[in-house]
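**Student:** Just one file: upload.csv, with CSV, C-alpha atoms.
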```csv
chain,number,residue,atom,x,y,z
A,295,MET,CA,-6.8,-20.2,-6.6
A,296,SER,CA,-7.6,-16.7,-7.7
A,297,SER,CA,-5.7,-15.1,-10.7
A,298,THR,CA,-4.2,-12.6,-8.3
A,299,LEU,CA,-2.9,-15.3,-6.1
A,300,LEU,CA,-1.4,-17.3,-9.0
A,301,ARG,CA,0.6,-14.2,-9.9
A,302,THR,CA,1.6,-13.4,-6.4
A,303,VAL,CA,2.6,-16.8,-5.0
A,304,PRO,CA,5.5,-17.6,-7.4
A,305,ALA,CA,7.0,-14.1,-6.9
A,306,LEU,CA,6.8,-14.3,-3.1
A,307,ARG,CA,8.0,-17.9,-3.0
A,308,GLY,CA,10.9,-17.3,-5.4
A,309,ALA,CA,12.1,-14.3,-3.4
A,310,LEU,CA,11.8,-16.3,-0.2
A,311,ARG,CA,14.1,-18.9,-1.6
A,312,ALA,CA,16.6,-16.4,-2.8
A,313,GLY,CA,16.4,-14.2,0.3
A,314,ALA,CA,15.8,-11.3,-1.9
A,315,VAL,CA,13.7,-8.1,-2.1
A,316,VAL,CA,10.2,-8.8,-3.5
A,317,LYS,CA,8.9,-6.8,-6.5
A,318,PRO,CA,6.1,-8.9,-7.9
A,319,ALA,CA,3.6,-7.6,-10.4
A,320,ALA,CA,1.2,-7.0,-7.6
A,321,ALA,CA,3.1,-4.0,-6.3
A,322,LEU,CA,6.3,-1.9,-6.7
A,323,ALA,CA,6.9,-1.6,-3.0
A,324,SER,CA,10.2,-2.9,-1.6
A,325,THR,CA,9.3,-5.7,0.8
A,326,SER,CA,12.1,-7.2,2.9
A,327,PHE,CA,12.9,-10.9,3.4
A,328,VAL,CA,15.6,-12.1,5.8
A,329,ARG,CA,16.5,-15.8,5.8
A,330,GLY,CA,13.4,-16.8,4.0
A,331,LYS,CA,11.1,-14.8,6.2
A,332,ALA,CA,9.1,-11.6,5.4
A,333,THR,CA,10.1,-8.8,7.7
A,334,LEU,CA,8.6,-5.5,8.8
A,335,PRO,CA,10.3,-2.7,6.9
A,336,ASP,CA,11.9,0.2,8.8
A,337,LEU,CA,10.4,3.7,8.3
A,338,SER,CA,12.7,6.5,7.0
A,339,TYR,CA,11.1,8.9,9.5
A,340,ASP,CA,10.0,8.9,13.1
A,341,TYR,CA,6.4,8.0,14.1
A,342,GLY,CA,5.7,11.5,15.1
A,343,ALA,CA,7.2,13.1,12.0
A,344,LEU,CA,3.9,13.3,10.1
A,345,GLU,CA,2.1,15.3,12.8
A,346,PRO,CA,-0.2,17.1,13.0
A,347,HIS,CA,-1.6,15.4,9.8
A,348,ILE,CA,-1.1,11.9,11.0
A,349,SER,CA,-0.5,11.3,14.7
A,350,GLY,CA,2.5,9.5,16.1
A,351,LYS,CA,0.3,7.1,18.0
A,352,ILE,CA,-1.5,6.1,14.8
A,353,MET,CA,1.7,5.6,12.9
A,354,GLU,CA,3.2,3.5,15.7
A,355,LEU,CA,0.1,1.2,15.9
A,356,HIS,CA,-0.3,1.1,12.2
A,357,HIS,CA,3.3,0.1,11.6
A,358,LYS,CA,4.3,-2.0,14.6
A,359,LYS,CA,0.9,-3.8,15.2
A,360,HIS,CA,-1.2,-3.8,12.0
A,361,HIS,CA,1.6,-4.2,9.4
A,362,GLN,CA,3.4,-6.7,11.6
A,363,THR,CA,0.2,-8.8,11.7
A,364,TYR,CA,0.3,-9.0,7.9
A,365,VAL,CA,4.0,-9.9,7.9
A,366,SER,CA,3.3,-12.7,10.4
A,367,GLY,CA,0.2,-13.9,8.5
A,368,LEU,CA,2.1,-14.0,5.2
A,369,ASN,CA,4.9,-16.1,6.7
A,370,SER,CA,2.4,-18.5,8.3
A,371,ALA,CA,0.5,-18.8,5.0
A,372,LEU,CA,3.6,-19.5,2.9
A,373,GLU,CA,4.7,-22.1,5.4
A,374,ALA,CA,1.3,-23.8,5.4
A,375,ILE,CA,1.2,-23.9,1.6
A,376,ALA,CA,4.7,-25.2,1.3
A,377,GLU,CA,4.0,-27.9,3.8
A,378,ALA,CA,0.7,-28.9,2.0
A,379,GLU,CA,2.4,-29.0,-1.4
A,380,SER,CA,5.2,-31.1,0.0
A,381,LYS,CA,2.6,-33.7,1.0
A,382,GLY,CA,0.7,-33.4,-2.3
A,383,ASP,CA,-2.3,-32.0,-0.4
A,384,PHE,CA,-3.4,-29.3,-2.9
A,385,THR,CA,-6.8,-29.0,-1.3
A,386,LYS,CA,-5.2,-27.8,1.8
A,387,ALA,CA,-2.9,-25.5,-0.1
A,388,ALA,CA,-5.9,-24.0,-1.9
A,389,SER,CA,-7.7,-23.5,1.4
A,390,VAL,CA,-4.9,-21.3,2.6
A,391,ALA,CA,-4.9,-19.2,-0.6
A,392,PRO,CA,-7.2,-16.4,0.8
A,393,LEU,CA,-4.9,-15.9,3.7
A,394,LEU,CA,-1.9,-15.6,1.4
A,395,ASN,CA,-3.8,-13.0,-0.8
A,396,PHE,CA,-4.9,-11.0,2.3
A,397,HIS,CA,-1.7,-11.0,4.3
A,398,GLY,CA,0.6,-10.8,1.3
A,399,GLY,CA,-1.4,-8.0,-0.1
A,400,GLY,CA,-1.4,-6.3,3.3
A,401,HIS,CA,2.4,-6.5,3.4
A,402,LEU,CA,2.9,-5.2,-0.1
A,403,ASN,CA,0.4,-2.4,0.2
A,404,HIS,CA,1.7,-1.1,3.5
A,405,SER,CA,5.3,-1.3,2.4
A,406,LEU,CA,4.5,0.9,-0.5
A,407,PHE,CA,2.3,3.2,1.7
A,408,TRP,CA,5.1,4.0,4.1
A,409,GLU,CA,7.3,5.1,1.2
A,410,ASN,CA,4.5,7.3,-0.1
A,411,LEU,CA,4.7,9.4,3.0
A,412,ALA,CA,7.2,12.0,4.2
A,413,PRO,CA,7.3,14.8,6.8
A,414,ALA,CA,6.1,18.2,5.4
A,415,SER,CA,9.6,19.5,6.2
A,416,ARG,CA,11.2,16.8,4.1
A,417,ASP,CA,9.7,16.2,0.7
A,418,GLY,CA,6.1,15.8,2.0
A,419,GLY,CA,3.1,17.7,0.5
A,420,GLY,CA,2.9,20.2,-2.2
A,421,GLU,CA,2.5,19.1,-5.8
A,422,PRO,CA,4.5,16.9,-8.1
A,423,ASP,CA,6.5,18.4,-10.9
A,424,GLY,CA,8.1,17.3,-14.2
A,425,ALA,CA,6.7,14.4,-16.2
A,426,LEU,CA,4.4,13.2,-13.4
A,427,LYS,CA,2.7,16.6,-13.1
A,428,LYS,CA,2.3,16.7,-16.9
A,429,ALA,CA,0.7,13.3,-16.9
A,430,ILE,CA,-1.7,14.1,-14.1
A,431,THR,CA,-2.8,17.3,-15.9
A,432,GLU,CA,-3.3,15.4,-19.1
A,433,ASP,CA,-5.3,12.5,-17.6
A,434,PHE,CA,-7.2,14.3,-14.8
A,435,GLY,CA,-7.4,17.9,-16.1
A,436,SER,CA,-5.4,19.4,-13.2
A,437,PHE,CA,-3.7,18.4,-9.9
A,438,GLU,CA,-6.7,19.8,-8.0
A,439,SER,CA,-9.1,17.8,-10.1
A,440,PHE,CA,-7.0,14.7,-9.4
A,441,THR,CA,-7.0,15.1,-5.6
A,442,LYS,CA,-10.8,15.7,-5.7
A,443,GLN,CA,-11.3,12.5,-7.7
A,444,MET,CA,-9.0,10.5,-5.4
A,445,ASN,CA,-10.9,11.8,-2.3
A,446,THR,CA,-14.2,10.9,-3.9
A,447,ALA,CA,-13.0,7.4,-4.7
A,448,LEU,CA,-11.8,7.0,-1.1
A,449,ALA,CA,-15.1,8.3,0.4
A,450,GLY,CA,-16.9,5.8,-1.8
A,451,ILE,CA,-15.1,2.7,-0.4
A,452,GLN,CA,-17.6,0.6,1.6
A,453,GLY,CA,-15.9,-0.9,4.6
A,454,SER,CA,-12.1,-1.3,4.3
A,455,GLY,CA,-9.9,-0.8,1.3
A,456,TRP,CA,-7.5,1.3,-0.7
A,457,ALA,CA,-7.6,3.9,-3.4
A,458,TRP,CA,-4.7,4.0,-5.9
A,459,LEU,CA,-3.2,6.2,-8.5
A,460,VAL,CA,-2.1,3.7,-11.1
A,461,LYS,CA,-0.3,3.7,-14.5
A,462,ASP,CA,-1.4,1.5,-17.3
A,463,LYS,CA,1.8,-0.2,-18.4
A,464,THR,CA,0.3,-0.7,-21.9
A,465,SER,CA,-1.0,2.7,-22.7
A,466,GLY,CA,1.1,4.8,-20.3
A,467,THR,CA,-2.0,6.6,-19.0
A,468,LEU,CA,-2.9,7.3,-15.4
A,469,GLY,CA,-6.0,6.3,-13.7
A,470,LEU,CA,-7.7,5.7,-10.3
A,471,VAL,CA,-8.8,2.3,-8.9
A,472,THR,CA,-10.1,1.1,-5.6
A,473,ARG,CA,-9.4,-2.3,-4.0
A,474,ALA,CA,-11.3,-4.0,-1.2
A,475,ASN,CA,-9.6,-5.1,2.0
A,476,GLN,CA,-5.9,-5.8,1.1
A,477,ASP,CA,-6.3,-6.9,-2.5
A,478,PRO,CA,-3.2,-5.7,-4.3
A,479,VAL,CA,-3.0,-3.8,-7.6
A,480,ALA,CA,-1.9,-6.3,-10.3
A,481,GLY,CA,-1.8,-7.2,-13.9
A,482,SER,CA,-1.2,-4.3,-16.4
A,483,LEU,CA,-1.6,-1.6,-13.7
A,484,ALA,CA,1.4,-0.3,-11.8
A,485,PRO,CA,0.6,1.2,-8.4
A,486,LEU,CA,2.1,4.6,-7.9
A,487,LEU,CA,0.3,6.0,-4.9
A,488,GLY,CA,-2.0,4.2,-2.5
A,489,ILE,CA,-4.0,5.7,0.4
A,490,ASP,CA,-5.2,3.4,3.1
A,491,ALA,CA,-8.9,3.8,3.9
A,492,TRP,CA,-9.0,1.2,6.7
A,493,GLU,CA,-10.2,2.7,10.0
A,494,HIS,CA,-7.0,1.8,11.7
A,495,ALA,CA,-5.2,4.4,9.5
A,496,TYR,CA,-7.2,7.3,10.9
A,497,TYR,CA,-9.8,6.5,13.6
A,498,LEU,CA,-7.7,7.3,16.7
A,499,GLN,CA,-7.2,10.8,15.5
A,500,TYR,CA,-10.1,11.6,13.2
A,501,GLU,CA,-12.8,9.2,14.6
A,502,ASN,CA,-15.7,9.1,12.1
A,503,ARG,CA,-14.4,12.2,10.2
A,504,LYS,CA,-12.6,10.2,7.6
A,505,ALA,CA,-13.0,12.9,5.0
A,506,GLU,CA,-10.7,15.1,7.1
A,507,TYR,CA,-8.0,12.3,7.1
A,508,PHE,CA,-8.3,12.1,3.3
A,509,GLN,CA,-7.7,15.9,3.0
A,510,ALA,CA,-4.9,15.9,5.6
A,511,ILE,CA,-2.8,13.2,4.1
A,512,TRP,CA,-2.0,15.2,1.0
A,513,ASN,CA,0.2,17.4,3.2
A,514,VAL,CA,2.6,14.4,3.7
A,515,ILE,CA,2.6,12.7,0.3
A,516,ASN,CA,6.1,12.1,-1.0
A,517,TRP,CA,5.8,13.1,-4.6
A,518,LYS,CA,9.4,12.2,-5.4
A,519,THR,CA,8.8,8.6,-4.6
A,520,VAL,CA,5.6,8.6,-6.6
A,521,ALA,CA,7.4,10.2,-9.6
A,522,SER,CA,10.1,7.6,-9.4
A,523,ARG,CA,7.6,4.8,-9.6
A,524,PHE,CA,5.9,6.6,-12.5
A,525,GLU,CA,9.1,6.8,-14.5
A,526,LYS,CA,10.0,3.2,-13.8
A,527,ALA,CA,6.6,1.6,-14.5
```
Spit out the file's structure as structure tokens when you get a sec.
**Tutor:**
Amino acid sequence: MSSTLLRTVPALRGALRAGAVVKPAAALASTSFVRGKATLPDLSYDYGALEPHISGKIMELHHKKHHQTYVSGLNSALEAIAEAESKGDFTKAASVAPLLNFHGGGHLNHSLFWENLAPASRDGGGEPDGALKKAITEDFGSFESFTKQMNTALAGIQGSGWAWLVKDKTSGTLGLVTRANQDPVAGSLAPLLGIDAWEHAYYLQYENRKAEYFQAIWNVINWKTVASRFEKA
């Protein structure tokens, strides 16, 4: 099993047994579990609330269809691994590991992503303030420089993936990282803000003009949520 999986599996399984909210090292997003099953989290805003920057149709498909697929895949993978382990078939358990990493990461990443967003009329857009703004200025030069660097990182993703603003839990400094597919941020890095660069996040509205999506999403970033993660990391 991969090192990421070894960190993620115990946290997910322990939460499933307790019926609790999952906050493993892989992410800080709140991910819901009911009666031992991962569940699709509710949004705190309507699907159309982020328009014109992100269309209601995209949000509905992204949340109800794509995220639900990760939830279902995560539950299926956990069940398959538990069954294989109960039979002592660790080869079978290991063969399911990539599915657990993919669907578990998809669930964690998207749960955080929804919390990163807010309507422009309700905490979305603008710039951060306080300690987060100070840290961004210190580590990136300015907020404008940070957004440019983030957009460059997003544009550089080949295929599907994510770009993240992260905090190094050892040094306390901020940085940018990218992850392929649904690989989660883990280890000494705490994910503060993730932007989804998969085509399903923008194609219905922006088609092949993904750079326009990367520019538009800054109008609906919930900096209060990002600041809260920064302070707790």
**Student:** For a test of reading the model, state the distance in Å between atom CA of Pro422 of chain A and atom CA of Ala480 of chain A, rounded to one decimal.
**Tutor:**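 Between these atoms lies a distance of 24.2 Å.
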**Student:** For atom CA of Leu483 of chain A and atom CA of Asp462 of chain A, determine how far apart the two atoms are, in Å to one decimal place.
**Tutor:** 4.8 Å
**Student:** Can you pull out every residue within 7 Å of segment 405-421 of chain A, counting all atoms listed in the file, but drop anything in the same chain fewer than 5 positions away, and send it as a list of chain:residue names?
**Tutor:**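 Here the qualifying residues turn out to be A:Ala323, A:Ser324, A:Thr325, A:Pro335, A:Leu337, A:Ala343, A:Leu344, A:Leu487, A:Gly488, A:Ile489, A:Trp512, A:Asn513, A:Val514, A:Ile515, A:Asn516, A:Trp517, A:Thr519, A:Val520.
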**Student:** Measuring between all atoms listed in the file, which one of A:Leu368, A:Val479, A:Leu468, A:Ala378 shows the shortest distance to Lys427 of chain A?
**Tutor:** A:Leu468
**Student:** In Å, with one decimal, what is the gap from atom CA of Pro392 of chain A to atom CA of Leu355 of chain A?
**Tutor:** 24.3 Å
**Student:** Pick out the closest residue to Asn403 of chain A from this set: A:Asp340, A:Glu506, A:Asp477, A:Glu501. Count only C-alpha atoms.
**Tutor:**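 The closest residue to Asn403 of chain A is A:Asp477.
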**Student:** Residues near segment 471-476 of chain A, anyone? I mean within 10 Å using all atoms listed in the file, not counting same-chain ones fewer than 2 positions away, as a PyMOL selection string.
**Tutor:** chain A and resi 364+395-404+444+447-448+450-460+469+478-479+483+485+488-492
**Student:** Which is closest to Leu394 of chain A among A:Gly342, A:Thr446, A:Ala371, A:Arg523, if we use all atoms listed in the file?
**Tutor:**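 Closest to Leu394 of chain A of all the choices is A:Ala371.
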**Student:** Show which residues sit within 10 Å of Asp433 of chain A, as a list of chain:residue names. Count all atoms listed in the file, and ignore same-chain residues fewer than 4 positions away.
**Tutor:**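 Within the cut-off, the hits are A:Lys428, A:Ala429, A:Phe437, A:Ser439, A:Phe440, A:Thr467, A:Leu468, A:Gly469.
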**Student:** Give the answer as one residue: which of A:Arg503, A:Lys461, A:His494, A:His356 has the shortest atom-to-atom distance to Ala527 of chain A, using only C-alpha atoms?
**Tutor:**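 Once distances to Ala527 of chain A are computed over only C-alpha atoms, the minimum belongs to A:Lys461.
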**Student:** Which one is closest to Tyr496 of chain A: A:Ala510, A:Thr363, A:Leu426, A:Thr333? Count only C-alpha atoms.
**Tutor:** A:Ala510
**Student:** Give the answer as one residue: which of A:His347, A:Val390, A:Gln362, A:Ala425 has the shortest atom-to-atom distance to Glu377 of chain A, using only C-alpha atoms?
**Tutor:** A:Val390
**Student:** Is there a way to complete segment 441-455 of chain A with N, CA, C and O atoms and then write that out as a CSV table (one decimal), keeping the file's coordinate frame?
**Tutor:**
```csv
chain,number,residue,atom,x,y,z
A,441,THR,N,-6.8,15.3,-7.1
A,441,THR,CA,-7.0,15.1,-5.6
A,441,THR,C,-8.5,15.0,-5.3
A,441,THR,O,-8.9,14.2,-4.4
A,442,LYS,N,-9.3,15.8,-5.9
A,442,LYS,CA,-10.8,15.7,-5.7
A,442,LYS,C,-11.3,14.3,-6.1
A,442,LYS,O,-12.1,13.7,-5.4
A,443,GLN,N,-10.9,13.8,-7.2
A,443,GLN,CA,-11.3,12.5,-7.7
A,443,GLN,C,-10.8,11.4,-6.8
A,443,GLN,O,-11.6,10.4,-6.5
A,444,MET,N,-9.6,11.5,-6.3
A,444,MET,CA,-9.0,10.5,-5.4
A,444,MET,C,-9.8,10.5,-4.1
A,444,MET,O,-10.2,9.4,-3.6
A,445,ASN,N,-10.1,11.7,-3.6
A,445,ASN,CA,-10.9,11.8,-2.3
A,445,ASN,C,-12.3,11.2,-2.5
A,445,ASN,O,-12.8,10.6,-1.6
A,446,THR,N,-12.9,11.5,-3.6
A,446,THR,CA,-14.2,10.9,-3.9
A,446,THR,C,-14.2,9.4,-4.0
A,446,THR,O,-15.1,8.7,-3.4
A,447,ALA,N,-13.1,8.9,-4.6
A,447,ALA,CA,-13.0,7.4,-4.7
A,447,ALA,C,-12.8,6.8,-3.3
A,447,ALA,O,-13.3,5.8,-2.9
A,448,LEU,N,-12.0,7.5,-2.4
A,448,LEU,CA,-11.8,7.0,-1.1
A,448,LEU,C,-13.1,7.0,-0.3
A,448,LEU,O,-13.4,6.1,0.5
A,449,ALA,N,-13.8,8.1,-0.4
A,449,ALA,CA,-15.1,8.3,0.4
A,449,ALA,C,-16.1,7.2,-0.1
A,449,ALA,O,-17.0,6.8,0.7
A,450,GLY,N,-15.9,6.7,-1.3
A,450,GLY,CA,-16.9,5.8,-1.8
A,450,GLY,C,-16.6,4.3,-1.4
A,450,GLY,O,-17.4,3.4,-1.7
A,451,ILE,N,-15.5,4.1,-0.8
A,451,ILE,CA,-15.1,2.7,-0.4
A,451,ILE,C,-16.1,2.3,0.8
A,451,ILE,O,-16.1,2.9,1.8
A,452,GLN,N,-16.7,1.2,0.6
A,452,GLN,CA,-17.6,0.6,1.6
A,452,GLN,C,-16.8,-0.4,2.4
A,452,GLN,O,-16.3,-1.4,2.0
A,453,GLY,N,-16.7,0.0,3.7
A,453,GLY,CA,-15.9,-0.9,4.6
A,453,GLY,C,-14.4,-0.5,4.5
A,453,GLY,O,-14.1,0.6,4.5
A,454,SER,N,-13.6,-1.5,4.3
A,454,SER,CA,-12.1,-1.3,4.3
A,454,SER,C,-11.6,-1.5,2.9
A,454,SER,O,-12.1,-2.3,2.1
A,455,GLY,N,-10.5,-0.7,2.6
A,455,GLY,CA,-9.9,-0.8,1.3
A,455,GLY,C,-8.9,0.3,1.0
A,455,GLY,O,-8.5,1.0,2.0
```
